[in-house]
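Content type compact mmCIF, C-alpha atoms and all ligand atoms, from the file data_15.txt:
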```
# COMPACT_ATOMS: atom_id res chain seq x y z
CA MET L 1 13.17 -19.59 -3.69
CA ALA L 2 14.09 -17.07 -1.00
CA GLY L 3 13.65 -13.36 -1.58
CA THR L 4 13.17 -9.92 -0.09
CA MET L 5 10.15 -7.67 -0.35
CA LEU L 6 10.45 -3.98 0.48
CA SER L 7 7.38 -1.81 1.02
CA ILE L 8 7.92 1.97 1.01
CA GLY L 9 5.64 4.52 2.65
CA GLU L 10 4.07 5.86 5.81
CA CYS L 11 2.77 3.96 8.82
CA MET L 12 0.74 6.08 11.23
CA VAL L 13 -0.43 5.83 14.80
CA GLU L 14 -4.14 4.99 14.77
CA LEU L 15 -6.48 6.02 17.57
CA MET L 16 -9.87 4.36 17.63
CA GLN L 17 -12.87 4.95 19.86
CA ALA L 18 -13.22 2.19 22.46
CA GLU L 19 -15.51 1.48 25.43
CA GLY L 20 -16.16 4.20 27.99
CA GLY L 21 -14.69 7.09 26.00
CA LEU L 22 -11.27 5.44 25.89
CA LEU L 23 -9.10 5.39 22.78
CA ARG L 24 -7.40 2.27 21.49
CA LYS L 25 -3.99 2.70 19.85
CA GLY L 26 -2.93 0.87 16.71
CA TYR L 27 -0.54 1.32 13.78
CA ALA L 28 -1.55 1.30 10.11
CA GLY L 29 -0.95 2.79 6.67
CA ASP L 30 -1.60 1.45 3.16
CA THR L 31 1.92 0.21 2.33
CA PHE L 32 2.45 -1.09 5.87
CA ASN L 33 -0.86 -2.99 5.75
CA ALA L 34 0.16 -4.58 2.45
CA ALA L 35 3.53 -5.58 3.96
CA TYR L 36 1.69 -7.12 6.93
CA TYR L 37 -0.46 -9.29 4.63
CA ALA L 38 2.47 -10.22 2.42
CA ARG L 39 4.35 -11.34 5.56
CA LEU L 40 1.38 -13.50 6.63
CA PHE L 41 1.42 -15.44 3.38
CA LEU L 42 5.04 -15.44 2.17
CA PRO L 43 7.20 -18.43 3.10
CA THR L 44 9.62 -17.94 6.00
CA ASP L 45 12.66 -17.78 3.72
CA TRP L 46 11.33 -14.45 2.41
CA THR L 47 12.17 -11.23 4.25
CA VAL L 48 9.60 -8.43 4.31
CA GLY L 49 11.07 -5.00 5.09
CA TYR L 50 9.48 -1.58 5.54
CA CYS L 51 11.18 1.57 4.27
CA SER L 52 9.99 4.71 6.01
CA ALA L 53 11.04 7.25 8.64
CA VAL L 54 10.11 7.74 12.29
CA GLY L 55 11.38 9.97 15.09
CA THR L 56 13.44 9.08 18.14
CA ASP L 57 10.59 9.45 20.65
CA THR L 58 8.74 6.74 22.59
CA ILE L 59 5.88 6.34 20.12
CA SER L 60 8.40 5.86 17.29
CA ASP L 61 10.12 3.11 19.30
CA GLU L 62 6.77 1.50 20.01
CA MET L 63 5.85 1.56 16.32
CA LEU L 64 9.15 -0.11 15.38
CA ALA L 65 8.58 -2.75 18.08
CA PHE L 66 5.08 -3.36 16.68
CA MET L 67 6.48 -3.86 13.17
CA ALA L 68 9.13 -6.26 14.45
CA GLU L 69 6.48 -8.20 16.37
CA LYS L 70 4.58 -8.63 13.09
CA GLY L 71 7.70 -10.02 11.43
CA ILE L 72 8.51 -6.88 9.44
CA GLU L 73 12.19 -5.95 9.15
CA THR L 74 12.80 -2.29 10.17
CA ALA L 75 16.45 -1.77 9.17
CA SER L 76 15.29 0.58 6.37
CA VAL L 77 13.26 2.85 8.64
CA ARG L 78 15.22 6.11 9.14
CA LYS L 79 15.24 7.67 12.59
CA ILE L 80 14.99 11.45 12.49
CA GLU L 81 15.66 13.48 15.62
CA GLY L 82 12.90 15.97 16.37
CA ARG L 83 10.23 14.35 14.18
CA THR L 84 7.40 12.03 15.19
CA PRO L 85 5.02 9.67 13.33
CA GLY L 86 1.76 10.87 11.76
CA LEU L 87 -1.46 10.21 13.65
CA TYR L 88 -5.09 9.64 12.68
CA MET L 89 -8.25 9.12 14.64
CA ILE L 90 -11.25 7.06 13.60
CA HIS L 91 -14.59 8.48 14.75
CA LEU L 92 -17.65 6.23 14.81
CA LYS L 93 -21.05 7.90 14.70
CA ASP L 94 -24.24 5.95 13.95
CA GLY L 95 -22.17 3.18 12.33
CA GLU L 96 -20.46 5.66 9.97
CA ARG L 97 -16.69 6.14 10.15
CA SER L 98 -14.90 9.43 9.65
CA PHE L 99 -11.22 10.27 10.01
CA SER L 100 -9.11 13.14 11.36
CA TYR L 101 -5.43 13.29 10.40
CA TRP L 102 -2.36 14.88 11.96
CA ARG L 103 0.32 13.97 9.45
CA SER L 104 1.47 17.18 7.77
CA ALA L 105 4.84 17.19 9.60
CA SER L 106 5.26 13.43 10.05
CA ALA L 107 8.72 11.87 10.03
CA ALA L 108 7.71 9.68 7.06
CA ARG L 109 7.64 12.77 4.82
CA LEU L 110 11.45 12.63 4.97
CA LEU L 111 11.74 8.96 4.03
CA ALA L 112 13.27 9.74 0.63
CA ASP L 113 15.52 12.66 1.57
CA ASP L 114 18.66 10.53 1.78
CA PRO L 115 19.53 8.92 -1.57
CA ASP L 116 22.15 6.59 0.00
CA HIS L 117 19.58 5.24 2.43
CA LEU L 118 17.16 4.53 -0.42
CA ARG L 119 19.88 2.91 -2.50
CA ARG L 120 20.82 0.53 0.33
CA ALA L 121 17.16 -0.32 1.00
CA THR L 122 16.23 -1.06 -2.62
CA GLU L 123 19.47 -2.78 -3.62
CA SER L 124 18.75 -5.87 -1.55
CA ALA L 125 15.06 -6.12 -2.55
CA ASP L 126 13.61 -8.42 -5.22
CA LEU L 127 10.08 -7.04 -4.98
CA ILE L 128 9.30 -3.39 -4.17
CA LEU L 129 5.89 -1.88 -3.38
CA PHE L 130 5.00 1.81 -3.16
CA SER L 131 1.83 3.82 -3.58
CA GLY L 132 0.32 7.16 -4.54
CA ILE L 133 0.18 7.96 -0.83
CA THR L 134 3.95 7.38 -0.60
CA LEU L 135 4.40 9.97 -3.38
CA ALA L 136 1.77 12.39 -1.99
CA ILE L 137 3.61 12.90 1.31
CA LEU L 138 7.01 13.67 -0.27
CA SER L 139 8.44 16.98 -1.50
CA PRO L 140 8.81 17.22 -5.30
CA ASP L 141 12.61 16.72 -4.94
CA ALA L 142 12.13 13.65 -2.75
CA VAL L 143 9.63 12.20 -5.26
CA GLU L 144 12.34 12.51 -7.91
CA THR L 145 14.95 10.86 -5.64
CA LEU L 146 12.60 7.95 -4.92
CA LEU L 147 11.46 7.49 -8.51
CA ALA L 148 15.08 7.55 -9.75
CA GLU L 149 15.85 4.62 -7.42
CA LEU L 150 12.72 2.77 -8.50
CA ARG L 151 13.47 3.28 -12.19
CA ARG L 152 16.92 1.84 -11.51
CA ALA L 153 15.37 -1.16 -9.75
CA LYS L 154 12.92 -1.70 -12.62
CA ALA L 155 15.75 -1.49 -15.17
CA ALA L 156 17.65 -4.12 -13.14
CA GLY L 157 14.69 -6.47 -13.67
CA LYS L 158 13.16 -6.22 -10.19
CA ARG L 159 9.41 -6.33 -9.81
CA VAL L 160 8.37 -2.79 -8.86
CA VAL L 161 4.71 -2.53 -7.87
CA PHE L 162 2.66 0.67 -7.68
CA ASP L 163 -0.82 1.14 -6.22
CA PRO L 164 -1.95 4.66 -7.22
CA ASN L 165 -4.24 4.76 -4.14
CA ILE L 166 -5.49 8.22 -5.12
CA ARG L 167 -6.20 10.53 -2.16
CA PRO L 168 -6.90 14.02 -3.55
CA ARG L 169 -6.88 15.52 -0.05
CA LEU L 170 -3.16 14.77 0.22
CA TRP L 171 -2.35 16.80 -2.88
CA ASP L 172 -2.62 20.56 -3.17
CA ASP L 173 -2.90 20.55 -6.94
CA ALA L 174 -4.87 18.04 -9.05
CA GLU L 175 -2.65 18.53 -12.10
CA ARG L 176 0.54 17.79 -10.12
CA MET L 177 -1.23 14.80 -8.56
CA ARG L 178 -2.02 13.27 -11.96
CA ARG L 179 1.44 14.04 -13.31
CA THR L 180 3.21 12.55 -10.27
CA LEU L 181 1.01 9.43 -10.22
CA THR L 182 1.74 8.95 -13.91
CA ASP L 183 5.49 9.28 -13.24
CA GLY L 184 5.05 6.74 -10.42
CA ALA L 185 3.42 4.28 -12.79
CA ARG L 186 6.23 4.72 -15.33
CA ALA L 187 8.72 3.60 -12.68
CA ALA L 188 6.72 0.41 -12.02
CA SER L 189 6.51 -2.95 -13.77
CA LEU L 190 3.14 -3.81 -12.18
CA VAL L 191 0.40 -1.27 -11.40
CA MET L 192 -2.59 -2.19 -9.21
CA PRO L 193 -5.18 0.62 -9.39
CA SER L 194 -8.76 0.76 -8.06
CA PHE L 195 -11.07 1.37 -11.01
CA ASP L 196 -13.42 3.88 -9.34
CA ASP L 197 -10.45 6.17 -8.49
CA GLU L 198 -9.16 5.98 -12.06
CA VAL L 199 -12.59 6.93 -13.42
CA THR L 200 -12.85 9.92 -11.08
CA HIS L 201 -9.35 11.31 -11.49
CA PHE L 202 -8.23 10.17 -14.95
CA GLY L 203 -11.62 10.02 -16.69
CA ASP L 204 -11.27 6.38 -17.81
CA THR L 205 -14.48 5.14 -19.42
CA SER L 206 -13.75 1.41 -19.05
CA ILE L 207 -11.37 -1.01 -17.35
CA ALA L 208 -9.83 -1.61 -20.78
CA ALA L 209 -9.09 2.14 -20.98
CA THR L 210 -7.33 2.04 -17.58
CA ILE L 211 -5.24 -0.92 -18.71
CA ALA L 212 -4.37 0.73 -22.03
CA ARG L 213 -3.35 3.99 -20.31
CA TYR L 214 -0.91 2.21 -17.98
CA LYS L 215 0.45 -0.12 -20.68
CA ALA L 216 1.16 2.93 -22.85
CA LEU L 217 3.45 4.18 -20.05
CA GLY L 218 5.64 1.08 -20.30
CA VAL L 219 3.99 -0.87 -17.48
CA ALA L 220 4.20 -4.59 -18.30
CA ASP L 221 1.46 -5.83 -15.97
CA VAL L 222 -1.77 -4.25 -14.71
CA VAL L 223 -4.28 -5.51 -12.13
CA VAL L 224 -7.43 -3.37 -11.95
CA LYS L 225 -9.38 -3.80 -8.70
CA ASP L 226 -13.09 -3.13 -8.83
CA GLY L 227 -14.48 -3.92 -5.36
CA GLU L 228 -17.20 -6.56 -5.36
CA LYS L 229 -16.97 -6.85 -9.16
CA GLY L 230 -13.56 -8.52 -8.85
CA VAL L 231 -10.31 -7.81 -10.67
CA THR L 232 -9.15 -7.66 -14.28
CA LEU L 233 -5.63 -8.91 -15.03
CA ALA L 234 -3.55 -7.82 -18.01
CA PHE L 235 -0.13 -9.42 -17.76
CA GLU L 236 2.49 -9.47 -20.48
CA GLY L 237 0.91 -10.39 -23.81
CA PRO L 238 -2.48 -9.46 -25.22
CA ASP L 239 -4.66 -11.63 -22.94
CA ILE L 240 -6.96 -10.03 -20.40
CA SER L 241 -8.68 -12.15 -17.75
CA HIS L 242 -11.22 -11.52 -15.02
CA VAL L 243 -11.22 -13.02 -11.53
CA PRO L 244 -14.43 -12.55 -9.51
CA ALA L 245 -14.51 -11.26 -5.94
CA THR L 246 -15.33 -13.72 -3.16
CA PRO L 247 -18.86 -12.99 -1.94
CA VAL L 248 -19.02 -11.55 1.58
CA GLU L 249 -22.10 -12.24 3.70
CA ARG L 250 -21.74 -9.16 5.88
CA VAL L 251 -19.33 -6.34 5.11
CA VAL L 252 -18.08 -5.20 8.54
CA ASP L 253 -15.21 -2.82 7.71
CA THR L 254 -13.75 -2.21 4.24
CA THR L 255 -10.51 -0.72 5.63
CA SER L 256 -7.53 -2.40 4.02
CA ALA L 257 -9.51 -4.33 1.34
CA GLY L 258 -7.17 -3.11 -1.38
CA ASP L 259 -4.04 -3.32 0.80
CA SER L 260 -4.74 -6.91 1.87
CA PHE L 261 -5.49 -7.81 -1.75
CA ASN L 262 -2.12 -6.35 -2.81
CA GLY L 263 -0.14 -8.14 -0.07
CA ALA L 264 -1.84 -11.51 -0.55
CA PHE L 265 -1.65 -11.27 -4.36
CA LEU L 266 2.07 -10.46 -4.40
CA SER L 267 2.90 -13.17 -1.85
CA ARG L 268 1.47 -15.78 -4.24
CA LEU L 269 2.66 -14.23 -7.49
CA VAL L 270 6.32 -14.22 -6.47
CA THR L 271 6.21 -17.80 -5.22
CA GLY L 272 4.96 -19.37 -8.44
CA ASP L 273 1.19 -18.92 -8.73
CA THR L 274 -0.18 -17.73 -12.06
CA PRO L 275 -1.66 -14.20 -11.87
CA SER L 276 -5.20 -15.69 -11.91
CA GLU L 277 -4.40 -18.13 -9.09
CA ALA L 278 -2.80 -15.36 -7.04
CA ALA L 279 -5.84 -13.09 -7.64
CA ALA L 280 -8.30 -15.82 -6.58
CA PHE L 281 -6.33 -16.31 -3.36
CA ALA L 282 -6.13 -12.55 -2.72
CA ALA L 283 -9.89 -12.18 -3.32
CA ARG L 284 -10.54 -14.76 -0.58
CA ILE L 285 -8.21 -12.97 1.82
CA ALA L 286 -9.66 -9.49 1.06
CA ALA L 287 -13.16 -10.89 1.59
CA GLY L 288 -12.07 -12.19 5.01
CA VAL L 289 -10.49 -8.84 5.88
CA ILE L 290 -13.65 -6.84 5.13
CA GLY L 291 -15.66 -9.33 7.19
CA HIS L 292 -13.71 -8.24 10.29
CA HIS L 293 -12.93 -4.99 12.07
CA GLY L 294 -9.59 -3.20 11.66
CA ALA L 295 -6.87 -2.85 9.04
CA LEU L 296 -4.70 -5.74 10.28
CA VAL L 297 -6.74 -8.91 10.75
CA ASP L 298 -5.18 -11.98 12.44
CA LYS L 299 -4.18 -14.81 10.12
CA ALA L 300 -6.29 -17.33 12.05
CA LYS L 301 -9.45 -15.37 11.13
CA LEU L 302 -8.56 -15.44 7.43
CA VAL L 303 -7.53 -19.03 6.80
CA GLY L 304 -9.63 -21.80 8.27
P1 LIG Q 401 -9.63 -0.42 -2.61
O1 LIG Q 401 -9.91 -0.78 -1.18
O2 LIG Q 401 -8.17 -0.21 -2.88
O3 LIG Q 401 -10.52 0.64 -3.18
P2 LIG Q 401 -11.33 -2.38 -3.86
O4 LIG Q 401 -12.52 -1.75 -3.20
O5 LIG Q 401 -11.38 -2.55 -5.31
O6 LIG Q 401 -9.94 -1.71 -3.46
O7 LIG Q 401 -11.18 -3.81 -3.17
C1 LIG Q 401 -10.03 -4.60 -3.26
C2 LIG Q 401 -10.43 -6.05 -3.28
O8 LIG Q 401 -11.18 -6.36 -2.10
C3 LIG Q 401 -11.35 -6.41 -4.43
O9 LIG Q 401 -10.59 -6.75 -5.58
C4 LIG Q 401 -12.11 -7.59 -3.87
O10 LIG Q 401 -11.34 -8.79 -3.98
C5 LIG Q 401 -12.24 -7.24 -2.40
N1 LIG Q 401 -13.52 -6.57 -2.12
C6 LIG Q 401 -13.75 -5.24 -1.95
N2 LIG Q 401 -15.07 -5.00 -1.70
C7 LIG Q 401 -15.68 -6.20 -1.72
C8 LIG Q 401 -17.04 -6.66 -1.51
N3 LIG Q 401 -18.04 -5.80 -1.24
N4 LIG Q 401 -17.28 -7.98 -1.60
C9 LIG Q 401 -16.28 -8.86 -1.84
N5 LIG Q 401 -15.00 -8.52 -2.05
C10 LIG Q 401 -14.68 -7.20 -1.99
```
Would it be possible to restate this file's structure as structure tokens?
Ligand code: ADP
Amino acid sequence: MAGTMLSIGECMVELMQAEGGLLRKGYAGDTFNAAYYARLFLPTDWTVGYCSAVGTDTISDEMLAFMAEKGIETASVRKIEGRTPGLYMIHLKDGERSFSYWRSASAARLLADDPDHLRRATESADLILFSGITLAILSPDAVETLLAELRRAKAAGKRVVFDPNIRPRLWDDAERMRRTLTDGARAASLVMPSFDDEVTHFGDTSIAATIARYKALGVADVVVKDGEKGVTLAFEGPDISHVPATPVERVVDTTSAGDSFNGAFLSRLVTGDTPSEAAAFAARIAAGVIGHHGALVDKAKLVG
């Protein structure tokens, strides 16, 4: 059955150290990475669109061309005169990665400033993904505009998926962060948190406590990711099940583990797999992703 997935958030320009002091340019961001992996594994009669904002400069055009080349529809990316995409640089020192960000005035921060644009983007979607990073970059008013649209989509029976993806550095106030993430979850029908973040920022003492907290907000389905310990699934009804991670011989780069899991999981869930089947597939894909360098790994390296 054909459908449309819409992922909402920020894609950034990525600069990575390469040979001879050169920098290699890429494009990545949590919700974009998830859209990339969903596109890899959804059937061709599904459309995958990205909802964001860029500028009108050359790098913005290049980013849009990159998205299109990966099969991602860009009709819902706003173009804002005078703005430019956010940028981050990956530094490698003695095998350890660190990051510098230039994103405080990125175009994507304005992605939810136009309610009509958001309405058009979400109206045609069957499956919508957003994250705590999407909310962190928006003004309080824009958060409200976005969440109002998502609540509307949820009420219309669409699957609205939220990954809290908690990044305290993006928030100036921990209390507002927790409140906004909680509001985000309320607007979703499926929440896909990472357990260690929930322990640190919400004080959960068990995976069951994380599940109970989200269910109490009116979230029908919860998938708690716990790295190499696998995932716990609590879909509608009282049953809770566990799906183990796929063992990885050598972890090369954990970037995008959670994003690839989300994209692969959703691609299978919406095309008829049970949640456990979809999670087993996503665990295999995430294991492949962390066995390779970079956020966006080629399909040929992931499926034999
Ligand atoms: P995030 O990257 O969002 O913090 P996790 O670390 O929980 O998310 O990882 C997401 C998924 O990636 C896990 O559910 C698991 O399938 C896979 N994964 C992560 N780390 C490992 C690992 N060390 N070995 C095998 N699989 C892993």
Next on the checklist: For a quick check of your reading of the model, name the residues lying within 10 Å of the coordinate (0.4, 11.8, 7.4), counting only C-alpha atoms, and write them as a PyMOL selection string.
Outcome noted: chain L and resi 10-13+29+85-88+101-109+133-134+136-137+170
Checklist entry - What does the distance between atom CA of L:Asp196 and atom CA of L:Leu147 come to in Å, to one decimal place? => result 25.2 Å
Item to check | Near-ligand residues for ligand LIG 401 (chain Q), threshold 7 Å, all atoms listed in the file, as a PyMOL selection string | outcome: chain L and resi 165+194-195+225-228+230-231+245-248+251+254-259+261+282-284+286-287
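Remark: for L:Ala174, the closest of the candidate residues L:Ala125, L:Thr200, L:Ser206, L:Glu277 is L:Thr200 (distances computed over all atoms listed in the file).
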Item to check | Spatial neighbours of L:Ala2, 9 Å, only C-alpha atoms, chain gap at least 3 places, as a PyMOL selection string | outcome: chain L and resi 43-47+271
With C-alpha atoms retained, could you export that selection as an mmCIF file, keeping the file's coordinate frame?
```
data_model
loop_
_atom_site.group_PDB
_atom_site.id
_atom_site.type_symbol
_atom_site.label_atom_id
_atom_site.label_comp_id
_atom_site.auth_asym_id
_atom_site.auth_seq_id
_atom_site.Cartn_x
_atom_site.Cartn_y
_atom_site.Cartn_z
ATOM 1 C CA PRO L 43 7.200 -18.430 3.100
ATOM 2 C CA THR L 44 9.620 -17.940 6.000
ATOM 3 C CA ASP L 45 12.660 -17.780 3.720
ATOM 4 C CA TRP L 46 11.330 -14.450 2.410
ATOM 5 C CA THR L 47 12.170 -11.230 4.250
ATOM 6 C CA THR L 271 6.210 -17.800 -5.220
#
```
Checklist entry - From the list L:Ala156, L:Ile285, L:Leu266, L:Val219, which residue is nearest L:Ala185 when using all atoms listed in the file? => result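 When distances to L:Ala185 are compared using all atoms listed in the file, the smallest one comes from L:Val219.
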Next on the checklist: I need the residue nearest L:Pro193 from this list: L:Glu236, L:Asp163, L:Glu19, L:Asp273. Use only C-alpha atoms for the distance.
Outcome noted: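 Looking at the shortest contact to L:Pro193, the residue is L:Asp163.
Separating atom CA of L:Thr232 from atom CA of L:Tyr214 is a distance of 13.4 Å.
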Next on the checklist: Can you measure atom CA of L:Leu127 to atom CA of L:Val289 for me? One decimal in Å is fine.
Outcome noted: 23.3 Å
Next on the checklist: Could you check the closest approach to L:Asp183 for each of L:Glu144, L:Glu123, L:Asp57, L:Asp30 and tell me which residue wins, using all atoms listed in the file?
Outcome noted: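 Result for the nearest residue to L:Asp183: L:Glu144.
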So that I can see what lies close to stretch 298-300 of chain L, please list as a JSON list (two decimals) with C-alpha atoms, keeping the file's coordinate frame the residues with an atom at most 10 Å from it, counting only C-alpha atoms and leaving out residues fewer than 2 positions away in the same chain.
```
[["chain", "number", "residue", "atom", "x", "y", "z"],
["L", 37, "TYR", "CA", -0.46, -9.29, 4.63],
["L", 40, "LEU", "CA", 1.38, -13.50, 6.63],
["L", 41, "PHE", "CA", 1.42, -15.44, 3.38],
["L", 285, "ILE", "CA", -8.21, -12.97, 1.82],
["L", 288, "GLY", "CA", -12.07, -12.19, 5.01],
["L", 289, "VAL", "CA", -10.49, -8.84, 5.88],
["L", 292, "HIS", "CA", -13.71, -8.24, 10.29],
["L", 294, "GLY", "CA", -9.59, -3.20, 11.66],
["L", 295, "ALA", "CA", -6.87, -2.85, 9.04],
["L", 296, "LEU", "CA", -4.70, -5.74, 10.28],
["L", 302, "LEU", "CA", -8.56, -15.44, 7.43],
["L", 303, "VAL", "CA", -7.53, -19.03, 6.80],
["L", 304, "GLY", "CA", -9.63, -21.80, 8.27]]
```
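The closest residue to L:Phe99, picked from L:Met16, L:Ala187, L:Met192, L:Ala209 and counting all atoms listed in the file, is L:Met16.
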Item to check | Surrounding residues of L:Gly49 excluding itself and chain neighbours under 3 positions, 7 Å, only C-alpha atoms, as a PyMOL selection string | outcome: chain L and resi 5-7+72-74
Checklist entry - For L:Ser76, which residue among L:Arg24, L:Arg152, L:Arg39, L:His117 is the nearest when counting all atoms listed in the file? => result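 Smallest separation from L:Ser76 among the options: L:His117.
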Checklist entry - So which residues touch L:Pro115 within 9 Å, counting only C-alpha atoms, skipping near sequence neighbours fewer than 3 positions away, as number ranges by chain? => result L: 112, 118-120, 142, 145-146, 149
Could you give me stretch 223-247 of chain L completed to N, CA and C atoms, formatted as a compact mmCIF listing (two decimals), in the frame of the given file?
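As a result, selection_36.txt now contains:
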```
# COMPACT_ATOMS: atom_id res chain seq x y z
N VAL L 223 -3.19 -4.82 -12.82
CA VAL L 223 -4.28 -5.51 -12.13
C VAL L 223 -5.26 -4.42 -11.69
N VAL L 224 -6.45 -4.40 -12.29
CA VAL L 224 -7.43 -3.37 -11.95
C VAL L 224 -8.43 -3.95 -10.94
N LYS L 225 -8.47 -3.34 -9.75
CA LYS L 225 -9.38 -3.80 -8.70
C LYS L 225 -10.70 -3.04 -8.82
N ASP L 226 -11.78 -3.78 -8.68
CA ASP L 226 -13.09 -3.13 -8.83
C ASP L 226 -14.06 -3.64 -7.75
N GLY L 227 -13.62 -3.58 -6.50
CA GLY L 227 -14.48 -3.92 -5.36
C GLY L 227 -15.16 -5.26 -5.52
N GLU L 228 -16.48 -5.28 -5.31
CA GLU L 228 -17.20 -6.56 -5.36
C GLU L 228 -17.34 -7.11 -6.77
N LYS L 229 -16.92 -6.33 -7.77
CA LYS L 229 -16.97 -6.85 -9.16
C LYS L 229 -15.71 -7.63 -9.51
N GLY L 230 -14.75 -7.71 -8.59
CA GLY L 230 -13.56 -8.52 -8.85
C GLY L 230 -12.44 -7.75 -9.51
N VAL L 231 -11.48 -8.47 -10.07
CA VAL L 231 -10.31 -7.81 -10.67
C VAL L 231 -10.12 -8.24 -12.12
N THR L 232 -9.50 -7.34 -12.90
CA THR L 232 -9.15 -7.66 -14.28
C THR L 232 -7.63 -7.66 -14.37
N LEU L 233 -7.08 -8.73 -14.95
CA LEU L 233 -5.63 -8.91 -15.03
C LEU L 233 -5.16 -8.77 -16.47
N ALA L 234 -4.15 -7.93 -16.68
CA ALA L 234 -3.55 -7.82 -18.01
C ALA L 234 -2.04 -7.96 -17.82
N PHE L 235 -1.56 -9.19 -17.89
CA PHE L 235 -0.13 -9.42 -17.76
C PHE L 235 0.50 -9.44 -19.15
N GLU L 236 1.81 -9.60 -19.20
CA GLU L 236 2.49 -9.47 -20.48
C GLU L 236 1.78 -10.30 -21.56
N GLY L 237 1.67 -9.75 -22.75
CA GLY L 237 0.91 -10.39 -23.81
C GLY L 237 -0.46 -9.75 -23.91
N PRO L 238 -1.22 -10.15 -24.94
CA PRO L 238 -2.48 -9.46 -25.22
C PRO L 238 -3.66 -9.95 -24.36
N ASP L 239 -3.50 -11.06 -23.63
CA ASP L 239 -4.66 -11.63 -22.94
C ASP L 239 -5.06 -10.83 -21.71
N ILE L 240 -6.39 -10.70 -21.58
CA ILE L 240 -6.96 -10.03 -20.40
C ILE L 240 -7.88 -11.04 -19.73
N SER L 241 -7.78 -11.20 -18.40
CA SER L 241 -8.68 -12.15 -17.75
C SER L 241 -9.34 -11.50 -16.53
N HIS L 242 -10.46 -12.07 -16.13
CA HIS L 242 -11.22 -11.52 -15.02
C HIS L 242 -11.30 -12.56 -13.91
N VAL L 243 -11.08 -12.12 -12.67
CA VAL L 243 -11.22 -13.02 -11.53
C VAL L 243 -12.27 -12.41 -10.60
N PRO L 244 -13.36 -13.14 -10.33
CA PRO L 244 -14.43 -12.55 -9.51
C PRO L 244 -14.01 -12.35 -8.06
N ALA L 245 -14.71 -11.44 -7.38
CA ALA L 245 -14.51 -11.26 -5.94
C ALA L 245 -15.14 -12.45 -5.22
N THR L 246 -14.71 -12.69 -3.99
CA THR L 246 -15.33 -13.72 -3.16
C THR L 246 -16.51 -13.07 -2.44
N PRO L 247 -17.71 -13.63 -2.59
CA PRO L 247 -18.86 -12.99 -1.94
C PRO L 247 -18.67 -12.88 -0.42
```
